[in-house]
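K.L.:
Provided below: coords-v5.cif, containing mmCIF, C-alpha atoms.
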data_work
loop_
_atom_site.group_PDB
_atom_site.id
_atom_site.type_symbol
_atom_site.label_atom_id
_atom_site.label_comp_id
_atom_site.auth_asym_id
_atom_site.auth_seq_id
_atom_site.Cartn_x
_atom_site.Cartn_y
_atom_site.Cartn_z
ATOM 1 C CA MET I 1 31.336 148.711 -38.200
ATOM 2 C CA SER I 2 32.445 152.248 -37.546
ATOM 3 C CA SER I 3 31.338 155.840 -37.667
ATOM 4 C CA SER I 4 31.820 157.665 -40.941
ATOM 5 C CA GLY I 5 35.218 159.214 -41.482
ATOM 6 C CA ILE I 6 36.494 161.835 -43.888
ATOM 7 C CA GLU I 7 35.972 160.591 -47.416
ATOM 8 C CA PRO I 8 38.381 161.226 -50.277
ATOM 9 C CA GLU I 9 37.474 164.052 -52.609
ATOM 10 C CA SER I 10 37.285 161.906 -55.704
ATOM 11 C CA PRO I 11 36.597 158.203 -55.042
ATOM 12 C CA ASP I 12 37.056 155.745 -57.884
ATOM 13 C CA LEU I 13 33.477 154.502 -57.544
ATOM 14 C CA VAL I 14 30.226 155.647 -55.969
ATOM 15 C CA CYS I 15 27.225 153.443 -56.723
ATOM 16 C CA GLN I 16 23.810 152.640 -55.289
ATOM 17 C CA LEU I 17 22.007 149.318 -55.246
ATOM 18 C CA ASP I 18 18.273 148.853 -54.607
ATOM 19 C CA ASN I 19 18.323 145.091 -53.866
ATOM 20 C CA VAL I 20 21.063 144.003 -51.505
ATOM 21 C CA GLN I 21 19.604 140.497 -51.157
ATOM 22 C CA GLY I 22 20.113 139.738 -54.851
ATOM 23 C CA VAL I 23 23.819 140.540 -54.574
ATOM 24 C CA VAL I 24 24.097 138.536 -51.335
ATOM 25 C CA ASP I 25 22.573 135.547 -53.169
ATOM 26 C CA ALA I 26 25.054 135.909 -56.035
ATOM 27 C CA LEU I 27 28.106 136.189 -53.760
ATOM 28 C CA THR I 28 26.921 133.348 -51.510
ATOM 29 C CA SER I 29 26.880 131.093 -54.584
ATOM 30 C CA VAL I 30 30.688 131.332 -54.846
ATOM 31 C CA ARG I 31 31.386 131.022 -51.105
ATOM 32 C CA TRP I 32 32.484 127.393 -50.829
ATOM 33 C CA LYS I 33 34.512 127.630 -47.609
ATOM 34 C CA LYS I 34 34.540 129.716 -44.429
ATOM 35 C CA GLN I 35 37.825 131.552 -44.899
ATOM 36 C CA GLN I 36 37.899 132.796 -48.464
ATOM 37 C CA HIS I 37 39.610 135.767 -50.055
ATOM 38 C CA ALA I 38 38.259 137.541 -53.104
ATOM 39 C CA VAL I 39 39.552 140.062 -55.602
ATOM 40 C CA LEU I 40 37.261 142.874 -56.738
ATOM 41 C CA GLU I 41 37.916 144.588 -60.053
ATOM 42 C CA LEU I 42 36.189 147.876 -60.845
ATOM 43 C CA SER I 43 35.556 149.312 -64.300
ATOM 44 C CA GLU I 44 33.195 151.574 -66.165
ATOM 45 C CA HIS I 45 31.206 148.437 -67.056
ATOM 46 C CA GLY I 46 30.594 147.252 -63.492
ATOM 47 C CA ILE I 47 32.152 145.177 -60.705
ATOM 48 C CA VAL I 48 33.689 141.713 -61.058
ATOM 49 C CA LEU I 49 34.441 139.544 -58.016
ATOM 50 C CA ILE I 50 36.908 136.662 -58.466
ATOM 51 C CA VAL I 51 37.649 133.765 -56.110
ATOM 52 C CA GLU I 52 39.749 130.663 -56.694
ATOM 53 C CA GLU I 53 41.249 127.619 -55.024
ATOM 54 C CA THR I 54 44.412 125.610 -55.633
ATOM 55 C CA ALA I 55 44.689 126.704 -59.268
ATOM 56 C CA CYS I 56 41.927 124.242 -60.170
ATOM 57 C CA LEU I 57 38.685 126.088 -59.419
ATOM 58 C CA GLN I 58 37.801 129.684 -60.141
ATOM 59 C CA ALA I 59 34.549 131.623 -59.921
ATOM 60 C CA LYS I 60 33.547 135.071 -61.115
ATOM 61 C CA VAL I 61 30.492 137.147 -60.247
ATOM 62 C CA TYR I 62 29.633 139.881 -62.753
ATOM 63 C CA LEU I 63 27.664 142.848 -61.400
ATOM 64 C CA GLN I 64 27.053 144.965 -64.491
ATOM 65 C CA ARG I 65 26.582 148.697 -64.051
ATOM 66 C CA GLU I 66 22.954 148.340 -65.208
ATOM 67 C CA LEU I 67 22.213 146.525 -61.933
ATOM 68 C CA PHE I 68 22.837 149.725 -60.010
ATOM 69 C CA VAL I 69 20.425 152.647 -59.718
ATOM 70 C CA LYS I 70 23.491 154.921 -59.646
ATOM 71 C CA TYR I 71 26.975 154.191 -60.946
ATOM 72 C CA GLU I 72 29.594 156.955 -60.956
ATOM 73 C CA TYR I 73 33.005 155.731 -62.052
ATOM 74 C CA SER I 74 35.980 158.100 -62.266
ATOM 75 C CA ALA I 75 39.091 155.908 -62.006
ATOM 76 C CA GLU I 76 41.664 155.462 -64.720
ATOM 77 C CA GLY I 77 42.184 151.842 -65.652
ATOM 78 C CA ARG I 78 40.650 149.079 -63.557
ATOM 79 C CA PRO I 79 41.401 149.295 -59.823
ATOM 80 C CA ARG I 80 41.687 145.909 -58.075
ATOM 81 C CA PHE I 81 41.696 145.140 -54.364
ATOM 82 C CA GLY I 82 41.305 142.137 -52.092
ATOM 83 C CA VAL I 83 38.651 141.562 -49.410
ATOM 84 C CA SER I 84 37.448 138.751 -47.181
ATOM 85 C CA LEU I 85 34.474 137.291 -49.042
ATOM 86 C CA GLY I 86 32.812 136.162 -45.810
ATOM 87 C CA LEU I 87 33.145 139.619 -44.242
ATOM 88 C CA PHE I 88 31.810 141.284 -47.397
ATOM 89 C CA VAL I 89 28.734 139.015 -47.502
ATOM 90 C CA ASP I 90 28.115 139.400 -43.757
ATOM 91 C CA CYS I 91 28.277 143.203 -44.008
ATOM 92 C CA LEU I 92 25.873 143.230 -46.952
ATOM 93 C CA ASN I 93 23.522 141.008 -44.957
ATOM 94 C CA THR I 94 23.207 143.660 -42.244
ATOM 95 C CA PHE I 95 21.480 145.854 -44.827
ATOM 96 C CA SER I 96 19.002 143.154 -45.819
ATOM 97 C CA VAL I 97 16.234 142.424 -43.312
ATOM 98 C CA GLN I 98 13.839 139.604 -44.125
ATOM 99 C CA GLY I 99 11.007 140.949 -46.253
ATOM 100 C CA HIS I 100 12.808 144.208 -46.969
ATOM 101 C CA SER I 101 16.039 144.834 -48.847
ATOM 102 C CA SER I 102 17.148 148.405 -48.253
ATOM 103 C CA ALA I 103 19.039 150.493 -50.774
ATOM 104 C CA ILE I 104 22.720 151.043 -50.073
ATOM 105 C CA GLU I 105 25.567 153.160 -51.357
ATOM 106 C CA ILE I 106 28.936 151.539 -52.070
ATOM 107 C CA ARG I 107 32.017 153.767 -52.213
ATOM 108 C CA TYR I 108 35.676 153.012 -52.880
ATOM 109 C CA PRO I 109 38.199 153.956 -51.686
ATOM 110 C CA GLY I 110 37.697 155.408 -48.207
ATOM 111 C CA PRO I 111 40.389 157.508 -46.496
ATOM 112 C CA ASP I 112 42.350 154.363 -45.589
ATOM 113 C CA MET I 113 41.526 152.467 -48.791
ATOM 114 C CA GLN I 114 38.443 150.870 -47.210
ATOM 115 C CA LEU I 115 35.348 149.717 -49.038
ATOM 116 C CA LEU I 116 32.481 151.793 -47.593
ATOM 117 C CA LEU I 117 28.839 150.696 -47.353
ATOM 118 C CA LYS I 118 26.010 152.991 -46.213
ATOM 119 C CA SER I 119 22.216 152.765 -46.126
ATOM 120 C CA VAL I 120 20.504 155.557 -48.042
ATOM 121 C CA GLU I 121 16.741 155.061 -47.623
ATOM 122 C CA SER I 122 16.064 156.264 -44.072
ATOM 123 C CA SER I 123 16.467 159.849 -42.873
ATOM 124 C CA ASP I 124 16.081 158.765 -39.214
ATOM 125 C CA SER I 125 19.033 156.392 -39.010
ATOM 126 C CA CYS I 126 22.018 155.266 -41.027
ATOM 127 C CA THR I 127 23.776 151.915 -41.088
ATOM 128 C CA TYR I 128 27.409 152.275 -42.041
ATOM 129 C CA ALA I 129 30.203 149.741 -42.541
ATOM 130 C CA GLU I 130 33.874 149.890 -43.426
ATOM 131 C CA ILE I 131 35.599 146.838 -44.886
ATOM 132 C CA ARG I 132 39.369 146.750 -44.774
ATOM 133 C CA THR I 133 40.915 145.930 -48.139
ATOM 134 C CA ARG I 134 44.322 144.605 -49.020
ATOM 135 C CA ILE I 135 46.688 144.367 -51.940
ATOM 136 C CA PRO I 136 45.058 141.746 -54.194
ATOM 137 C CA ASP I 137 46.562 138.339 -54.714
ATOM 138 C CA THR I 138 47.743 137.599 -58.202
ATOM 139 C CA ILE I 139 45.289 135.316 -59.965
ATOM 140 C CA SER I 140 47.325 132.134 -60.166
ATOM 141 C CA TRP I 141 46.066 130.692 -63.440
ATOM 142 C CA ASP I 142 44.791 131.775 -66.807
ATOM 143 C CA TYR I 143 41.074 131.076 -67.139
ATOM 144 C CA ASN I 144 40.869 131.928 -70.850
ATOM 145 C CA PHE I 145 38.137 129.636 -72.092
ATOM 146 C CA GLU I 146 38.428 128.359 -75.654
ATOM 147 C CA PRO I 147 35.855 126.262 -77.548
ATOM 148 C CA ALA I 148 36.756 122.604 -77.968
ATOM 149 C CA GLY I 149 35.837 122.710 -81.655
ATOM 150 C CA SER I 150 33.587 124.310 -84.254
ATOM 151 C CA THR I 151 30.453 122.947 -82.548
ATOM 152 C CA PRO I 152 29.903 123.984 -78.910
ATOM 153 C CA LEU I 153 29.899 121.152 -76.393
ATOM 154 C CA SER I 154 27.270 122.427 -73.987
ATOM 155 C CA PHE I 155 23.971 121.739 -72.294
ATOM 156 C CA THR I 156 21.531 123.726 -70.189
ATOM 157 C CA VAL I 157 19.749 122.033 -67.295
ATOM 158 C CA LYS I 158 17.367 123.302 -64.623
ATOM 159 C CA SER I 159 19.480 124.528 -61.711
ATOM 160 C CA ALA I 160 17.582 122.465 -59.137
ATOM 161 C CA ALA I 161 18.096 119.243 -61.131
ATOM 162 C CA LEU I 162 21.813 119.935 -61.579
ATOM 163 C CA LYS I 163 22.316 120.607 -57.873
ATOM 164 C CA GLU I 164 20.401 117.459 -56.907
ATOM 165 C CA ALA I 165 22.394 115.312 -59.340
ATOM 166 C CA ILE I 166 25.767 116.582 -58.118
ATOM 167 C CA ASP I 167 24.732 116.230 -54.462
ATOM 168 C CA ASP I 168 23.764 112.613 -55.159
ATOM 169 C CA LEU I 169 27.183 111.909 -56.696
ATOM 170 C CA GLU I 170 28.958 112.013 -53.341
ATOM 171 C CA TRP I 171 30.318 108.492 -53.565
ATOM 172 C CA PRO I 172 33.418 106.625 -52.389
ATOM 173 C CA GLY I 173 36.082 107.933 -54.727
ATOM 174 C CA SER I 174 37.142 111.480 -55.472
ATOM 175 C CA SER I 175 36.427 111.902 -59.169
ATOM 176 C CA ILE I 176 33.395 112.319 -61.406
ATOM 177 C CA TYR I 177 33.301 111.656 -65.148
ATOM 178 C CA LEU I 178 31.189 114.009 -67.258
ATOM 179 C CA ILE I 179 30.240 112.375 -70.561
ATOM 180 C CA LEU I 180 28.411 113.971 -73.492
ATOM 181 C CA GLN I 181 27.360 111.889 -76.475
ATOM 182 C CA PRO I 182 25.320 112.868 -79.544
ATOM 183 C CA SER I 183 23.564 109.513 -80.138
ATOM 184 C CA PRO I 184 21.433 109.075 -78.220
ATOM 185 C CA PRO I 185 21.735 112.728 -77.104
ATOM 186 C CA SER I 186 22.580 112.479 -73.412
ATOM 187 C CA VAL I 187 24.615 113.791 -70.511
ATOM 188 C CA THR I 188 26.066 111.350 -67.984
ATOM 189 C CA PHE I 189 27.650 112.001 -64.599
ATOM 190 C CA ARG I 190 29.490 108.909 -63.360
ATOM 191 C CA GLY I 191 31.248 108.409 -60.056
ATOM 192 C CA GLU I 192 33.756 105.598 -59.712
ATOM 193 C CA GLY I 193 35.315 104.370 -56.490
ATOM 194 C CA HIS I 194 34.460 101.391 -54.302
ATOM 195 C CA GLY I 195 31.300 101.224 -56.392
ATOM 196 C CA ASP I 196 29.784 102.993 -59.375
ATOM 197 C CA LEU I 197 27.047 105.613 -59.423
ATOM 198 C CA GLN I 198 25.679 107.012 -62.663
ATOM 199 C CA ILE I 199 23.142 109.766 -63.343
ATOM 200 C CA ASP I 200 21.849 110.257 -66.877
ATOM 201 C CA PHE I 201 20.046 113.180 -68.455
ATOM 202 C CA MET I 202 18.487 111.886 -71.664
ATOM 203 C CA CYS I 203 17.712 114.705 -74.066
ATOM 204 C CA HIS I 204 14.336 113.337 -75.243
ATOM 205 C CA ALA I 205 13.200 111.806 -71.953
ATOM 206 C CA ASN I 206 13.945 114.860 -69.823
ATOM 207 C CA THR I 207 12.849 117.798 -71.957
ATOM 208 C CA ASP I 208 11.533 119.551 -68.853
ATOM 209 C CA LEU I 209 14.948 119.308 -67.183
ATOM 210 C CA LEU I 210 17.462 119.320 -70.039
ATOM 211 C CA VAL I 211 16.581 122.611 -71.696
ATOM 212 C CA ALA I 212 19.246 122.668 -74.423
ATOM 213 C CA PHE I 213 21.920 120.274 -75.743
ATOM 214 C CA HIS I 214 24.734 120.803 -78.282
ATOM 215 C CA CYS I 215 27.178 118.002 -79.025
ATOM 216 C CA ASP I 216 28.537 116.532 -82.270
ATOM 217 C CA ARG I 217 30.906 113.896 -80.817
ATOM 218 C CA GLN I 218 31.342 111.937 -77.618
ATOM 219 C CA VAL I 219 33.585 113.520 -75.006
ATOM 220 C CA SER I 220 34.522 112.412 -71.509
ATOM 221 C CA HIS I 221 36.466 114.315 -68.870
ATOM 222 C CA ARG I 222 37.138 113.664 -65.201
ATOM 223 C CA TYR I 223 36.805 116.284 -62.438
ATOM 224 C CA LYS I 224 37.471 116.233 -58.707
ATOM 225 C CA TYR I 225 34.162 115.871 -56.915
ATOM 226 C CA LYS I 226 34.842 118.641 -54.388
ATOM 227 C CA PHE I 227 35.439 121.169 -57.181
ATOM 228 C CA LEU I 228 32.418 120.048 -59.198
ATOM 229 C CA ARG I 229 30.243 120.214 -56.085
ATOM 230 C CA ALA I 230 31.417 123.777 -55.326
ATOM 231 C CA THR I 231 29.742 124.975 -58.547
ATOM 232 C CA THR I 232 26.260 124.262 -57.144
ATOM 233 C CA SER I 233 26.436 123.478 -53.412
ATOM 234 C CA ASN I 234 26.092 127.059 -52.152
ATOM 235 C CA ILE I 235 23.413 128.378 -54.486
ATOM 236 C CA PRO I 236 20.698 129.787 -52.160
ATOM 237 C CA SER I 237 17.341 127.997 -52.143
ATOM 238 C CA SER I 238 15.654 131.228 -53.257
ATOM 239 C CA VAL I 239 17.699 131.108 -56.473
ATOM 240 C CA ILE I 240 16.932 127.409 -56.979
ATOM 241 C CA ARG I 241 13.213 128.152 -56.614
ATOM 242 C CA ASP I 242 13.483 130.583 -59.542
ATOM 243 C CA ASN I 243 14.062 127.410 -61.600
ATOM 244 C CA ARG I 244 16.510 129.142 -63.896
ATOM 245 C CA GLY I 245 18.716 127.106 -66.174
ATOM 246 C CA SER I 246 22.397 126.488 -65.545
ATOM 247 C CA LYS I 247 24.618 126.142 -68.600
ATOM 248 C CA LEU I 248 27.623 123.813 -68.676
ATOM 249 C CA THR I 249 30.187 124.037 -71.475
ATOM 250 C CA ILE I 250 33.276 121.895 -72.075
ATOM 251 C CA GLY I 251 36.133 123.823 -73.631
ATOM 252 C CA ARG I 252 39.531 122.975 -75.040
ATOM 253 C CA GLY I 253 41.493 120.590 -72.829
ATOM 254 C CA GLY I 254 38.366 119.666 -70.882
ATOM 255 C CA MET I 255 38.003 122.990 -69.064
ATOM 256 C CA LEU I 256 34.463 123.048 -67.645
ATOM 257 C CA LYS I 257 32.511 126.305 -67.467
ATOM 258 C CA VAL I 258 29.357 126.389 -65.341
ATOM 259 C CA GLN I 259 27.131 129.467 -65.655
ATOM 260 C CA HIS I 260 24.264 130.531 -63.387
ATOM 261 C CA LEU I 261 21.930 133.538 -63.393
ATOM 262 C CA VAL I 262 20.751 135.295 -60.216
ATOM 263 C CA SER I 263 17.960 137.857 -60.189
ATOM 264 C CA VAL I 264 18.837 141.249 -58.719
ATOM 265 C CA ALA I 265 15.421 142.796 -59.385
ATOM 266 C CA LYS I 266 13.813 144.288 -56.298
ATOM 267 C CA PRO I 267 11.393 141.649 -54.942
ATOM 268 C CA ALA I 268 7.605 142.020 -54.978
ATOM 269 C CA ILE I 269 7.757 145.359 -56.778
ATOM 270 C CA PRO I 270 6.976 145.738 -60.497
ATOM 271 C CA HIS I 271 10.069 146.809 -62.354
ATOM 272 C CA PRO I 272 10.293 148.243 -65.873
ATOM 273 C CA HIS I 273 12.802 145.536 -66.761
ATOM 274 C CA VAL I 274 10.267 142.768 -65.996
ATOM 275 C CA ASP I 275 7.545 141.969 -68.529
ATOM 276 C CA SER I 276 4.142 140.387 -67.853
ATOM 277 C CA SER I 277 5.495 136.846 -68.131
ATOM 278 C CA GLY I 278 8.128 137.502 -65.476
ATOM 279 C CA TYR I 279 11.059 137.547 -67.897
ATOM 280 C CA GLN I 280 13.818 139.871 -66.703
ATOM 281 C CA GLN I 281 16.091 141.624 -69.124
ATOM 282 C CA PRO I 282 19.832 141.009 -68.677
ATOM 283 C CA SER I 283 20.347 144.335 -66.870
ATOM 284 C CA ARG I 284 18.655 142.890 -63.760
ATOM 285 C CA ILE I 285 20.633 139.639 -63.710
ATOM 286 C CA ALA I 286 23.941 138.879 -61.986
ATOM 287 C CA TYR I 287 26.056 136.447 -63.992
ATOM 288 C CA ILE I 288 28.085 133.765 -62.204
ATOM 289 C CA GLU I 289 30.751 131.660 -63.905
ATOM 290 C CA PHE I 290 32.749 128.762 -62.497
ATOM 291 C CA PHE I 291 35.802 127.338 -64.244
ATOM 292 C CA VAL I 292 36.881 123.808 -63.248
ATOM 293 C CA LYS I 293 40.095 122.257 -64.527
ATOM 294 C CA PRO I 294 39.884 118.557 -65.371
ATOM 295 C CA GLU I 295 42.030 115.813 -63.973
ATOM 296 C CA VAL I 296 44.212 115.084 -66.970
ATOM 297 C CA ASP I 297 45.859 111.822 -67.988
ATOM 298 C CA ASP I 298 46.660 110.197 -71.319
ATOM 299 C CA ALA I 299 43.167 108.768 -71.699
ATOM 300 C CA ASP I 300 41.576 112.163 -71.195
ATOM 301 C CA ASN I 301 43.920 113.739 -73.718
ATOM 302 C CA ALA I 302 42.913 111.113 -76.259
ATOM 303 C CA ASN I 303 39.274 112.170 -75.859
ATOM 304 C CA ASP I 304 40.020 115.830 -76.611
ATOM 305 C CA THR I 305 40.936 115.634 -80.267
#
Before anything else, please render the file you have as structure tokens.
P.N.:
Amino acid sequence: MSSSGIEPESPDLVCQLDNVQGVVDALTSVRWKKQQHAVLELSEHGIVLIVEETACLQAKVYLQRELFVKYEYSAEGRPRFGVSLGLFVDCLNTFSVQGHSSAIEIRYPGPDMQLLLKSVESSDSCTYAEIRTRIPDTISWDYNFEPAGSTPLSFTVKSAALKEAIDDLEWPGSSIYLILQPSPPSVTFRGEGHGDLQIDFMCHANTDLLVAFHCDRQVSHRYKYKFLRATTSNIPSSVIRDNRGSKLTIGRGGMLKVQHLVSVAKPAIPHPHVDSSGYQQPSRIAYIEFFVKPEVDDADNANDT
């Protein structure tokens, strides 16, 4: 925290957000360890935050410009900078008091290339924060996601059910098999170690949990449990209560993509983007994507044909 300094004449980005808590929820979902660095990329389309670990797990949070009540972008190209994810989330949390999520202004860069946060609702007081940035790390692996074939290999399951299933898979042994088969249409998570643990989602028996299923051939890939768990373990309970679906897709080579949606609509206040049934248009949703590389051996390669 610091008092406001002299700001550059033409910052790359000045934007305002009316629901800090929604962004905190989205960023918390990709915070799987205490000390974690993130790369922020700015563009005319919005802000993307990227985190990764050991070239095997990567997550991206998309904050589209439509989420912001004001978005003034004047940079050429796409500026990128690194921040501490924990510090960024903690600073945002200071602007979000329980029951009230104040509007804030985000500005980059400050006079010393800081990321600047400032409350904008109150004329009596102002909360102000400066976050030191750094030269961003190079993203260590290519996350280009390619379909595994002409028919998508994907399923959508209620977020709460997915989180519960993965939590239950903590079993002696470090790997989890994810198996999709078209007949009978089902998804299986299987842990193997000193014993076996298997969780099945049957397409017809669990229509209230398994929302969608697309598979034209059996596939099986193995993933490290700690990376699979990171895709759901930190989703806030408020997001789980929304009961939104999480989509899992298996791409070429067994790359697993896990997608979640987090509401960034201002709570308890009618919003023009929300209809009478509670459906929110995409402009009020933060998109989260995890990419998990499989553990590859000859048997896995044989399954990906």
K.L.:
Which residue gives the smallest distance to Lys34 of chain I among I:Leu85, I:Leu228, I:Ala75, I:Val20, with all atoms listed in the file counted?
P.N.:
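For Lys34 of chain I, the nearest of the candidates is I:Leu85.
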K.L.:
Would you mind listing what lies within 12 Å of segment 129-132 of chain I as an MDAnalysis selection string, with only C-alpha atoms counted and same-chain residues fewer than 4 positions away left out?
P.N.:
chainID I and resid 1:5 7 81:95 104:119
K.L.:
Given the PyMOL selection byres ((chain I and resi 215-218) around 6) and the file above, list the residues it selects as number ranges by chain.
P.N.:
I: 153, 180-182, 214, 219
K.L.:
Skip Gly245 of chain I itself and residues of its chain fewer than 5 positions away, then list as a list in words all residues within 9 Å of it, counting only C-alpha atoms.
P.N.:
Thr156, Val157, Lys158, Ser159, Ala160, Leu209, Leu210, Val211, Gln259, His260 and Leu261 of chain I
K.L.:
In file coordinates, which residues lie within 10 Å of (37.6, 108.7, -63.8) using all atoms listed in the file, given as a list in words?
P.N.:
Gly173, Ser174, Ser175, Ile176, Tyr177, Leu178, Arg190, Gly191, Glu192, Gly193, Ser220, His221, Arg222, Tyr223, Lys224, Glu295, Val296, Asp297, Ala299 and Asp300 of chain I
K.L.:
Kindly indicate which residue among I:Gln64, I:Gln36, I:Ser183, I:Gln58 lies nearest to Val23 of chain I, using all atoms listed in the file for the distances.
P.N.:
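So, comparing all the options, the nearest one is I:Gln64.
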K.L.:
So, counting only C-alpha atoms, which residue among I:Val187, I:Ile240, I:Ser96, I:Met255 is closest to Gln21 of chain I?
P.N.:
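The shortest atom-to-atom distance to Gln21 of chain I comes from I:Ser96.
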K.L.:
To test your reading of the syntax: which residues would the PyMOL selection byres ((chain I and resi 22) around 10) return for the file shown? Reply as an MDAnalysis selection string.
P.N.:
chainID I and resid 17:21 23:28 96 101 238:239 262:267 284:286
K.L.:
Which is closest to Ser150 of chain I among I:Arg252, I:His37, I:Lys70, I:Arg80, if we use only C-alpha atoms?
P.N.:
I:Arg252
K.L.:
Rank nothing, just name the residue among I:His45, I:Arg244, I:Arg31, I:His204 nearest to Lys60 of chain I, using all atoms listed in the file.
P.N.:
I:Arg31
K.L.:
At what distance in Å, to one decimal, does atom CA of Glu41 of chain I lie from atom CA of Pro136 of chain I?
P.N.:
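Value for the atom CA of Pro136 of chain I-atom CA of Glu41 of chain I distance: 9.7 Å.
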K.L.:
Go through I:Val14, I:Thr138, I:Leu248, I:Leu57 one by one, measure the shortest atom-to-atom distance of each to Pro294 of chain I using only C-alpha atoms, and give the residue with the smallest value.
P.N.:
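Using only C-alpha atoms, Pro294 of chain I sits closest to I:Leu57.
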K.L.:
Report the distance between atom CA of Glu53 of chain I and atom CA of Ile179 of chain I in Å, rounded to one decimal place.
P.N.:
24.4 Å
K.L.:
Expressed in Å to a single decimal, how great is the separation between atom CA of Phe155 of chain I and atom CA of Leu49 of chain I?
P.N.:
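Atom CA of Leu49 of chain I lies at a distance of 25.1 Å from atom CA of Phe155 of chain I.
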K.L.:
At a cut-off of 6 Å, using all atoms listed in the file, what residues contact Lys257 of chain I? Leave out same-chain residues fewer than 2 positions from it and give the result as a list of chain:residue names.
P.N.:
I:Leu248, I:Thr249, I:Phe290, I:Phe291
K.L.:
Report as a PyMOL selection string the residues that result from applying the PyMOL selection byres ((chain I and resi 46) around 6) to the structure here.
P.N.:
chain I and resi 43-45+47+63-65
